[in-house]
>>> print(open('input.tsv').read())   # TSV, C-alpha atoms
chain	number	residue	atom	x	y	z
B	16	ALA	CA	273.94	143.16	36.02
B	17	ALA	CA	271.98	146.10	37.32
B	18	HIS	CA	272.36	146.99	40.96
B	19	SER	CA	270.60	149.24	43.42
B	20	PHE	CA	272.34	152.45	44.43
B	21	ASP	CA	272.77	153.34	48.08
B	22	VAL	CA	271.17	156.59	49.18
B	23	GLU	CA	271.18	158.00	52.67
B	24	ASP	CA	267.82	157.57	54.42
B	25	ASP	CA	268.35	160.07	57.24
B	26	ASN	CA	265.24	162.01	56.27
B	27	LYS	CA	262.93	159.06	55.68
B	28	PRO	CA	259.36	159.44	57.01
B	29	PRO	CA	258.58	157.86	60.38
B	30	GLU	CA	257.46	154.23	60.33
B	31	LEU	CA	254.63	152.77	62.33
B	32	SER	CA	256.16	150.55	64.98
B	33	GLY	CA	255.48	149.04	68.38
B	34	CYS	CA	251.90	148.95	69.60
B	35	GLU	CA	250.76	151.49	66.99
B	36	GLY	CA	252.11	149.37	64.14
B	37	CYS	CA	250.61	146.17	65.55
B	38	CYS	CA	247.21	147.82	65.97
B	39	VAL	CA	247.16	149.04	62.36
B	40	MET	CA	248.16	145.62	61.05
B	41	CYS	CA	245.55	143.85	63.21
B	42	CYS	CA	242.84	146.27	62.08
B	43	PHE	CA	243.55	145.65	58.39
B	44	ASP	CA	243.61	141.91	59.06
B	45	CYS	CA	240.26	141.89	60.88
B	46	LEU	CA	238.50	144.22	58.46
B	47	THR	CA	239.64	142.11	55.50
B	48	CYS	CA	238.31	138.97	57.23
B	49	CYS	CA	234.98	140.75	57.73
B	50	GLY	CA	234.67	141.49	54.02
B	51	CYS	CA	235.14	145.23	54.45
B	52	ARG	CA	238.20	145.59	52.21
B	53	ASN	CA	236.57	147.73	49.50
B	54	ILE	CA	234.86	149.97	52.04
B	55	ILE	CA	238.16	150.58	53.82
B	56	CYS	CA	239.91	151.24	50.51
B	57	ARG	CA	237.38	153.88	49.55
B	58	LYS	CA	237.76	155.59	52.92
B	59	LEU	CA	241.51	155.34	53.43
B	60	ILE	CA	243.17	154.86	50.04
B	61	PHE	CA	241.16	156.47	47.23
B	62	PHE	CA	240.70	160.26	47.29
B	63	PRO	CA	238.98	161.43	44.09
B	64	PRO	CA	238.71	165.24	43.80
B	65	GLU	CA	235.18	166.44	44.41
B	66	PRO	CA	234.05	168.27	42.41
B	67	PRO	CA	236.16	167.15	39.43
B	68	PHE	CA	238.80	169.51	38.03
B	69	TYR	CA	237.24	169.37	34.57
B	70	LYS	CA	234.04	169.23	32.57
B	71	VAL	CA	233.24	167.85	29.14
B	72	ASP	CA	231.23	169.95	26.71
B	73	VAL	CA	230.39	169.63	23.00
B	74	ASP	CA	231.61	171.97	20.28
B	75	ASP	CA	228.40	172.90	18.45
B	76	LEU	CA	230.21	173.73	15.21
B	77	LYS	CA	232.36	170.60	14.99
B	78	ASN	CA	230.07	168.34	17.05
B	79	THR	CA	233.11	167.06	18.96
B	80	PRO	CA	233.74	166.80	22.72
B	81	VAL	CA	235.72	169.55	24.39
B	82	LEU	CA	237.73	169.37	27.60
B	83	LEU	CA	236.96	172.29	29.92
B	84	ARG	CA	239.57	173.13	32.56
B	85	ILE	CA	240.72	176.03	34.70
B	86	PRO	CA	243.48	178.14	33.04
B	87	LEU	CA	246.84	177.14	34.50
B	88	PRO	CA	247.70	180.56	36.01
B	89	LEU	CA	244.39	180.49	37.88
B	90	LEU	CA	244.52	176.85	38.94
B	91	PRO	CA	244.14	176.80	42.73
B	92	GLN	CA	246.77	175.07	44.83
B	93	ALA	CA	244.07	173.41	46.92
B	94	GLU	CA	242.97	169.85	46.23
B	95	PHE	CA	239.34	170.94	45.98
B	96	LEU	CA	237.56	173.51	43.84
B	97	SER	CA	235.21	176.21	45.08
B	98	ASP	CA	232.06	177.33	43.27
B	99	GLU	CA	234.00	180.35	42.02
B	100	ASP	CA	236.73	178.11	40.62
B	101	LEU	CA	234.17	176.15	38.61
B	102	LYS	CA	233.13	179.34	36.80
B	103	LEU	CA	236.67	179.75	35.46
B	104	MET	CA	236.62	176.60	33.33
B	105	THR	CA	237.23	177.21	29.63
B	106	PRO	CA	237.97	174.94	26.64
B	107	ALA	CA	241.51	173.55	26.68
B	108	GLN	CA	243.73	175.53	24.30
B	109	LEU	CA	246.50	173.28	23.00
B	110	PRO	CA	249.13	174.12	20.36
B	111	HIS	CA	247.67	173.62	16.89
B	112	SER	CA	250.07	170.77	16.16
B	113	LEU	CA	248.51	168.65	18.92
B	114	GLU	CA	245.22	166.82	18.72
B	115	ILE	CA	243.03	166.16	21.75
B	116	GLN	CA	240.23	163.63	21.93
B	117	MET	CA	237.88	162.93	24.82
B	118	LEU	CA	236.67	159.35	25.14
B	119	ARG	CA	234.34	157.30	27.27
B	120	LEU	CA	235.46	153.69	27.62
B	121	LYS	CA	233.46	150.75	28.91
B	122	THR	CA	235.32	148.37	31.24
B	123	SER	CA	234.84	144.66	31.87
B	124	LYS	CA	233.20	145.56	35.18
B	125	LYS	CA	230.49	147.60	33.39
B	126	SER	CA	231.93	150.94	34.43
B	127	HIS	CA	232.29	153.84	31.99
B	128	ILE	CA	235.52	155.79	32.46
B	129	MET	CA	236.61	159.11	31.02
B	130	ALA	CA	239.85	159.23	29.05
B	131	CYS	CA	241.76	161.89	27.15
B	132	PHE	CA	244.08	161.17	24.21
B	133	ILE	CA	246.60	163.86	23.22
B	134	SER	CA	248.63	163.06	20.11
B	135	HIS	CA	251.81	164.58	18.67
B	136	PRO	CA	252.33	164.63	14.87
B	137	LYS	CA	255.91	163.30	15.19
B	138	ALA	CA	255.27	160.72	17.90
B	139	LYS	CA	256.54	157.17	17.50
B	140	ASP	CA	255.49	155.91	20.92
B	141	THR	CA	252.33	156.20	23.00
B	142	ILE	CA	252.25	156.55	26.78
B	143	LEU	CA	249.42	154.92	28.74
B	144	TYR	CA	249.45	157.22	31.75
B	145	SER	CA	247.91	156.20	35.10
B	146	HIS	CA	247.76	159.20	37.42
B	147	GLY	CA	248.23	159.41	41.16
B	148	ASN	CA	245.69	159.83	43.92
B	149	ALA	CA	243.67	162.99	44.64
B	150	THR	CA	243.82	164.07	40.99
B	151	ASP	CA	241.89	163.52	37.78
B	152	VAL	CA	242.01	164.04	34.01
B	153	GLY	CA	241.50	167.78	34.31
B	154	MET	CA	244.15	168.42	36.93
B	155	GLN	CA	246.63	166.13	35.17
B	156	SER	CA	246.05	167.53	31.68
B	157	TYR	CA	248.66	170.31	31.96
B	158	ALA	CA	251.44	167.93	32.99
B	159	VAL	CA	250.46	165.52	30.22
B	160	GLU	CA	250.39	168.30	27.62
B	161	THR	CA	253.95	169.27	28.56
B	162	LEU	CA	255.03	165.62	28.42
B	163	VAL	CA	253.60	165.27	24.91
B	164	ILE	CA	255.48	168.35	23.67
B	165	ALA	CA	258.78	167.75	25.49
B	166	CYS	CA	259.15	164.06	24.59
B	167	ARG	CA	257.22	163.99	21.29
B	168	VAL	CA	254.93	161.17	22.35
B	169	ASN	CA	251.21	160.48	22.31
B	170	VAL	CA	249.58	160.11	25.74
B	171	LEU	CA	246.32	158.43	26.72
B	172	PHE	CA	245.40	159.24	30.31
B	173	TYR	CA	242.22	158.22	32.06
B	174	ASP	CA	240.27	158.45	35.29
B	175	TYR	CA	239.71	155.50	37.58
B	176	THR	CA	236.17	154.42	38.32
B	177	GLY	CA	234.82	156.84	40.93
B	178	TYR	CA	237.14	159.68	39.81
B	179	GLY	CA	235.99	162.66	37.74
B	180	TYR	CA	233.07	161.60	35.58
B	181	SER	CA	234.05	157.92	35.52
B	182	GLY	CA	231.60	155.31	36.77
B	183	LYS	CA	229.50	156.01	39.81
B	184	PRO	CA	230.98	158.53	42.24
B	185	GLY	CA	232.40	156.92	45.36
B	186	LEU	CA	232.98	153.45	43.92
B	187	PRO	CA	236.71	153.09	43.25
B	188	SER	CA	238.15	149.69	44.19
B	189	PRO	CA	241.27	147.56	43.58
B	190	ALA	CA	239.32	145.43	41.09
B	191	HIS	CA	238.07	148.50	39.21
B	192	ILE	CA	241.49	150.07	38.67
B	193	GLU	CA	242.65	146.82	37.04
B	194	SER	CA	239.71	146.76	34.63
B	195	ASP	CA	240.07	150.51	34.03
B	196	ILE	CA	243.62	150.29	32.68
B	197	GLN	CA	242.73	147.20	30.65
B	198	ALA	CA	239.95	149.16	28.93
B	199	ALA	CA	242.40	151.98	28.15
B	200	PHE	CA	244.96	149.51	26.79
B	201	ASP	CA	242.32	147.76	24.68
B	202	TYR	CA	241.32	151.09	23.16
B	203	LEU	CA	244.90	151.84	22.12
B	204	VAL	CA	245.45	148.42	20.57
B	205	ASN	CA	242.04	147.63	19.10
B	206	ASP	CA	240.62	151.04	18.23
B	207	ALA	CA	243.61	153.33	17.78
B	208	GLY	CA	245.61	150.56	16.08
B	209	ILE	CA	248.74	151.06	18.18
B	210	PRO	CA	250.78	147.84	18.63
B	211	ALA	CA	251.72	146.84	22.18
B	212	ASN	CA	255.43	147.20	21.38
B	213	ARG	CA	254.83	150.92	20.82
B	214	ILE	CA	253.07	151.44	24.17
B	215	ILE	CA	254.92	152.61	27.29
B	216	LEU	CA	253.16	152.36	30.66
B	217	TYR	CA	253.57	155.26	33.07
B	218	GLY	CA	252.36	154.85	36.64
B	219	GLN	CA	252.64	157.67	39.14
B	220	SER	CA	252.08	156.88	42.83
B	221	LEU	CA	248.73	155.03	42.98
B	222	GLY	CA	248.96	154.70	39.18
B	223	SER	CA	251.91	152.34	39.65
B	224	VAL	CA	249.44	149.65	40.71
B	225	PRO	CA	247.41	149.25	37.48
B	226	SER	CA	250.62	149.74	35.48
B	227	CYS	CA	252.43	146.89	37.24
B	228	ILE	CA	249.39	144.64	36.89
B	229	LEU	CA	249.13	145.32	33.16
B	230	ALA	CA	252.88	144.80	32.68
B	231	LYS	CA	252.41	141.19	33.84
B	232	LYS	CA	249.81	140.53	31.17
B	233	HIS	CA	251.14	142.27	28.06
B	234	ARG	CA	254.57	142.63	26.50
B	235	VAL	CA	254.65	146.40	26.09
B	236	LYS	CA	257.66	148.52	25.14
B	237	GLY	CA	258.51	149.65	28.66
B	238	MET	CA	257.20	150.94	31.97
B	239	VAL	CA	257.98	154.04	34.04
B	240	ILE	CA	257.24	153.85	37.77
B	241	HIS	CA	257.19	157.32	39.32
B	242	ALA	CA	257.03	157.48	43.13
B	243	GLY	CA	255.42	154.05	43.12
B	244	LEU	CA	254.43	152.03	46.16
B	245	ALA	CA	255.79	148.56	46.86
B	246	SER	CA	252.49	147.66	48.55
B	247	ALA	CA	249.82	149.38	50.63
B	248	ILE	CA	251.17	148.19	53.97
B	249	ARG	CA	254.75	149.08	53.03
B	250	VAL	CA	253.72	152.72	52.69
B	251	LEU	CA	253.04	152.63	56.44
B	252	LYS	CA	255.66	150.05	57.39
B	253	PRO	CA	258.41	150.08	54.73
B	254	SER	CA	260.71	147.69	56.60
B	255	LEU	CA	258.45	144.68	55.99
B	256	ASN	CA	260.29	141.90	54.19
B	257	LYS	CA	257.13	140.08	53.09
B	258	SER	CA	253.58	141.25	52.52
B	259	PRO	CA	251.01	139.93	54.99
B	260	TRP	CA	248.17	137.97	53.42
B	261	PHE	CA	245.77	140.92	53.64
B	262	ASP	CA	248.11	143.43	51.97
B	263	LEU	CA	246.86	145.35	48.93
B	264	PHE	CA	248.53	146.64	45.76
B	265	ARG	CA	251.47	144.22	45.92
B	266	ASN	CA	253.61	145.93	43.31
B	267	ALA	CA	256.78	144.41	44.76
B	268	ASP	CA	255.39	141.02	43.71
B	269	TYR	CA	253.66	142.12	40.50
B	270	ILE	CA	256.79	143.73	39.10
B	271	LYS	CA	258.71	140.45	39.32
B	272	GLU	CA	256.57	139.25	36.42
B	273	ALA	CA	256.85	142.40	34.28
B	274	LYS	CA	257.42	141.53	30.62
B	275	CYS	CA	259.10	144.83	29.76
B	276	PRO	CA	262.05	146.99	30.85
B	277	VAL	CA	261.34	149.22	33.85
B	278	PHE	CA	262.54	152.75	34.69
B	279	VAL	CA	262.02	153.78	38.32
B	280	ILE	CA	261.89	157.42	39.48
B	281	HIS	CA	261.67	158.23	43.20
B	282	GLY	CA	262.47	161.20	45.40
B	283	THR	CA	264.87	160.49	48.25
B	284	LEU	CA	262.79	162.65	50.63
B	285	ASP	CA	259.38	161.31	49.61
B	286	GLN	CA	257.12	161.81	52.63
B	287	ALA	CA	254.07	160.07	51.14
B	288	VAL	CA	255.58	156.86	49.73
B	289	PRO	CA	258.90	156.13	51.47
B	290	PHE	CA	261.96	155.99	49.24
B	291	SER	CA	262.56	152.36	50.20
B	292	ASN	CA	259.43	151.46	48.21
B	293	GLY	CA	261.05	152.69	45.01
B	294	LYS	CA	264.30	150.85	45.76
B	295	LEU	CA	262.43	147.58	46.34
B	296	LEU	CA	260.52	147.94	43.06
B	297	TYR	CA	263.77	148.57	41.22
B	298	ASP	CA	265.48	145.58	42.85
B	299	ASN	CA	262.56	143.27	42.02
B	300	ALA	CA	262.16	144.27	38.36
B	301	PRO	CA	263.57	141.48	36.14
B	302	ILE	CA	264.37	143.86	33.26
B	303	LYS	CA	265.42	147.40	34.12
B	304	ILE	CA	267.44	150.44	33.25
B	305	SER	CA	269.30	152.61	35.74
B	306	PRO	CA	266.88	154.34	38.13
B	307	TRP	CA	266.71	158.03	38.85
B	308	TRP	CA	266.88	158.66	42.58
B	309	VAL	CA	266.03	162.34	42.75
B	310	GLU	CA	268.10	163.77	45.57
B	311	GLY	CA	266.02	165.99	47.86
B	312	ALA	CA	262.73	165.49	45.98
B	313	ASN	CA	259.42	164.83	47.71
B	314	HIS	CA	256.37	163.02	46.34
B	315	ASN	CA	254.78	165.54	43.98
B	316	ASP	CA	257.50	168.02	43.07
B	317	ILE	CA	259.76	166.24	40.58
B	318	GLU	CA	258.05	167.52	37.41
B	319	MET	CA	258.11	171.09	38.74
B	320	ASN	CA	261.38	171.47	40.68
B	321	TYR	CA	263.44	169.17	38.46
B	322	ALA	CA	261.63	169.77	35.18
B	323	ARG	CA	264.59	169.93	32.80
B	324	GLN	CA	266.19	166.78	34.21
B	325	TYR	CA	262.82	165.07	34.32
B	326	TYR	CA	262.08	165.38	30.61
B	327	VAL	CA	265.69	164.62	29.63
B	328	ARG	CA	265.67	161.47	31.76
B	329	LEU	CA	262.33	160.35	30.34
B	330	SER	CA	263.51	160.88	26.76
B	331	GLU	CA	266.66	158.90	27.51
B	332	ALA	CA	264.59	156.10	29.06
B	333	PHE	CA	262.30	155.93	26.02
B	334	ARG	CA	265.33	155.62	23.74
B	335	GLU	CA	266.73	152.91	25.98
B	336	PHE	CA	263.44	151.00	25.77
B	337	THR	CA	263.78	151.13	21.99
B	338	ARG	CA	267.36	149.88	22.16
B	339	MET	CA	266.48	147.02	24.47
B	340	GLY	CA	263.85	145.82	22.06
B	341	THR	CA	262.74	142.29	22.83
B	342	ALA	CA	264.76	141.64	26.00
B	343	GLU	CA	263.46	138.68	27.99
B	344	PRO	CA	263.03	138.56	31.79
B	345	GLY	CA	266.36	137.95	33.45
B	346	GLU	CA	268.32	139.92	30.84
B	347	SER	CA	268.88	143.09	32.79
B	348	LYS	CA	270.53	145.50	30.39
B	349	THR	CA	271.31	148.40	32.67
B	350	PRO	CA	274.41	150.21	31.39
B	351	PRO	CA	277.14	149.16	33.89
B	352	ASN	CA	278.69	152.61	34.24
B	353	ASP	CA	275.54	154.70	34.42
B	354	ASN	CA	275.71	156.82	37.55
B	355	HIS	CA	272.42	158.62	37.04
B	356	SER	CA	270.94	158.65	40.34
B	357	LYS	CA	235.07	147.15	24.30
B	358	GLU	CA	232.68	149.88	23.97
B	359	VAL	CA	234.20	153.13	22.99
B	360	LYS	CA	232.27	156.38	22.82
B	361	LYS	CA	233.60	159.67	21.54
B	362	ILE	CA	231.37	161.80	23.71
>>> encode(input="input.tsv", output="structure tokens")
Amino acid sequence: AAHSFDVEDDNKPPELSGCEGCCVMCCFDCLTCCGCRNIICRKLIFFPPEPPFYKVDVDDLKNTPVLLRIPLPLLPQAEFLSDEDLKLMTPAQLPHSLEIQMLRLKTSKKSHIMACFISHPKAKDTILYSHGNATDVGMQSYAVETLVIACRVNVLFYDYTGYGYSGKPGLPSPAHIESDIQAAFDYLVNDAGIPANRIILYGQSLGSVPSCILAKKHRVKGMVIHAGLASAIRVLKPSLNKSPWFDLFRNADYIKEAKCPVFVIHGTLDQAVPFSNGKLLYDNAPIKISPWWVEGANHNDIEMNYARQYYVRLSEAFREFTRMGTAEPGESKTPPNDNHSKEVKKI
């Protein structure tokens, strides 16, 4: 059976404790009782870039939507764009072998979210990619483009309600992110004609939440959890054994019901989502392959500082998902000797 690997936690981020920890817990408890949960989430959890890191234009000759983004060498390191940055946006130039499609999807909560579908001519699998916080379709497009080329997969990535040009600005919520990913999944299955057993969920950081929720509902091919959180409170207080009743984003519980094999990636020096969160998710997954504990990595640097290993490990995980096929919950197939730490608009 699969087992968790021990990693030294000497450099783990500080945990809220004592009076400070009690005060934070009591505040969340009281605010939830007062019906202020969504307001608090929008202020403390969701951080959509403003203005967005992309625009959508129309190609007059082809009458098709075009993704406008800042050229990668000029992309600022800041989380926010200046007026001068906005003037640098140009149509995305992808290799000719790749196809890019901009979509606007309607969710069950009446929101309209932006999505981008990049396809590879030799792809067999499709990734449904849920990005992290403080980013959007435009900022994430370069990483996704590289993923498509390196792993020969299709990728559909989307913005949550309140991010980019999705829904009404300032209205992200836990309920919305669930309906957002469902709309993206429905597009792949019902409109793109991709069977669920060819879809791999990829959730990075905040994106681990909608991915884990969807994995409970649908038997997809597999799921990658990259720097995922075990729950909202465990980001602040990772030593908790059980989520309090008012906790949000309970991935540690959701993942117990996942109907697919899970591959967990987490940096051992993650200062945003403590490493223990990733270990708990791995331990709770009923079907899993060996995790990749990235020694010395932080929260957002794995794709850049460990790029070669990153794409090799992902490709290996995708092949393992294929091999595992129709494994049922409880049939953990981790290799024992692996030491590797409804309305769709084409706008």
>>> residues_around(input="input.tsv", residues="Ser97 in chain B", least_positions_apart="3", cutoff="12 Å", atoms="only C-alpha atoms", output="ChimeraX atom specification")
/B:64-68,85,90-94,100-104
>>> write_last_selection(input="input.tsv", atoms="C-alpha atoms", output="PDB file, in the frame of the given file")
ATOM      1  CA  PRO B  64     238.710 165.240  43.800  1.00  0.00           C
ATOM      2  CA  GLU B  65     235.180 166.440  44.410  1.00  0.00           C
ATOM      3  CA  PRO B  66     234.050 168.270  42.410  1.00  0.00           C
ATOM      4  CA  PRO B  67     236.160 167.150  39.430  1.00  0.00           C
ATOM      5  CA  PHE B  68     238.800 169.510  38.030  1.00  0.00           C
ATOM      6  CA  ILE B  85     240.720 176.030  34.700  1.00  0.00           C
ATOM      7  CA  LEU B  90     244.520 176.850  38.940  1.00  0.00           C
ATOM      8  CA  PRO B  91     244.140 176.800  42.730  1.00  0.00           C
ATOM      9  CA  GLN B  92     246.770 175.070  44.830  1.00  0.00           C
ATOM     10  CA  ALA B  93     244.070 173.410  46.920  1.00  0.00           C
ATOM     11  CA  GLU B  94     242.970 169.850  46.230  1.00  0.00           C
ATOM     12  CA  ASP B 100     236.730 178.110  40.620  1.00  0.00           C
ATOM     13  CA  LEU B 101     234.170 176.150  38.610  1.00  0.00           C
ATOM     14  CA  LYS B 102     233.130 179.340  36.800  1.00  0.00           C
ATOM     15  CA  LEU B 103     236.670 179.750  35.460  1.00  0.00           C
ATOM     16  CA  MET B 104     236.620 176.600  33.330  1.00  0.00           C
TER      17      MET B 104
END
>>> closest_atom_pairs(input="input.tsv", of="range 177-278 of chain B", to="range 295-316 of chain B", cutoff="9 Å", atoms="only C-alpha atoms", output="Markdown table")
| residue | atom | partner | partner_atom | distance |
| --- | --- | --- | --- | --- |
| B:Ser220 | CA | B:His314 | CA | 8.3 |
| B:Ile240 | CA | B:Leu296 | CA | 8.6 |
| B:Ala242 | CA | B:His314 | CA | 6.4 |
| B:Gly243 | CA | B:Leu296 | CA | 8.0 |
| B:Leu244 | CA | B:Leu296 | CA | 8.0 |
| B:Ala245 | CA | B:Leu296 | CA | 6.1 |
| B:Asn266 | CA | B:Leu296 | CA | 7.2 |
| B:Ala267 | CA | B:Leu296 | CA | 5.4 |
| B:Asp268 | CA | B:Asn299 | CA | 7.7 |
| B:Ile270 | CA | B:Ala300 | CA | 5.4 |
| B:Lys271 | CA | B:Ala300 | CA | 5.2 |
| B:Glu272 | CA | B:Pro301 | CA | 7.4 |
| B:Ala273 | CA | B:Ala300 | CA | 7.0 |
| B:Lys274 | CA | B:Ile302 | CA | 7.8 |
| B:Cys275 | CA | B:Ile302 | CA | 6.4 |
| B:Pro276 | CA | B:Ile302 | CA | 4.6 |
| B:Val277 | CA | B:Lys303 | CA | 4.5 |
| B:Phe278 | CA | B:Ile304 | CA | 5.6 |
>>> residues_near_point(input="input.tsv", point="(249.3, 150.2, 43.4)", cutoff="7 Å", atoms="all atoms listed in the file", output="list of chain:residue names")
B:Leu221, B:Gly222, B:Ser223, B:Val224, B:Pro225, B:Leu244, B:Ser246, B:Phe264, B:Arg265, B:Asn266
>>> write_last_selection(input="input.tsv", atoms="C-alpha atoms", output="PDB file, in the coordinates of the input")
ATOM      1  CA  LEU B 221     248.730 155.030  42.980  1.00  0.00           C
ATOM      2  CA  GLY B 222     248.960 154.700  39.180  1.00  0.00           C
ATOM      3  CA  SER B 223     251.910 152.340  39.650  1.00  0.00           C
ATOM      4  CA  VAL B 224     249.440 149.650  40.710  1.00  0.00           C
ATOM      5  CA  PRO B 225     247.410 149.250  37.480  1.00  0.00           C
ATOM      6  CA  LEU B 244     254.430 152.030  46.160  1.00  0.00           C
ATOM      7  CA  SER B 246     252.490 147.660  48.550  1.00  0.00           C
ATOM      8  CA  PHE B 264     248.530 146.640  45.760  1.00  0.00           C
ATOM      9  CA  ARG B 265     251.470 144.220  45.920  1.00  0.00           C
ATOM     10  CA  ASN B 266     253.610 145.930  43.310  1.00  0.00           C
TER      11      ASN B 266
END
>>> closest_atom_pairs(input="input.tsv", of="range 82-112 of chain B", to="range 124-138 of chain B", cutoff="12 Å", atoms="all atoms listed in the file", output="CSV")
residue,atom,partner,partner_atom,distance
B:Leu82,CA,B:Cys131,CA,8.5
B:Leu83,CA,B:Cys131,CA,11.8
B:Ala107,CA,B:Ile133,CA,11.5
B:Leu109,CA,B:Ile133,CA,9.4
B:Pro110,CA,B:His135,CA,10.1
B:His111,CA,B:His135,CA,10.1
B:Ser112,CA,B:Pro136,CA,6.7
>>> closest_residue(input="input.tsv", among="B:Gly153, B:Gly293, B:Gly208, B:Gly237", to="Leu96 in chain B", atoms="only C-alpha atoms")
B:Gly153
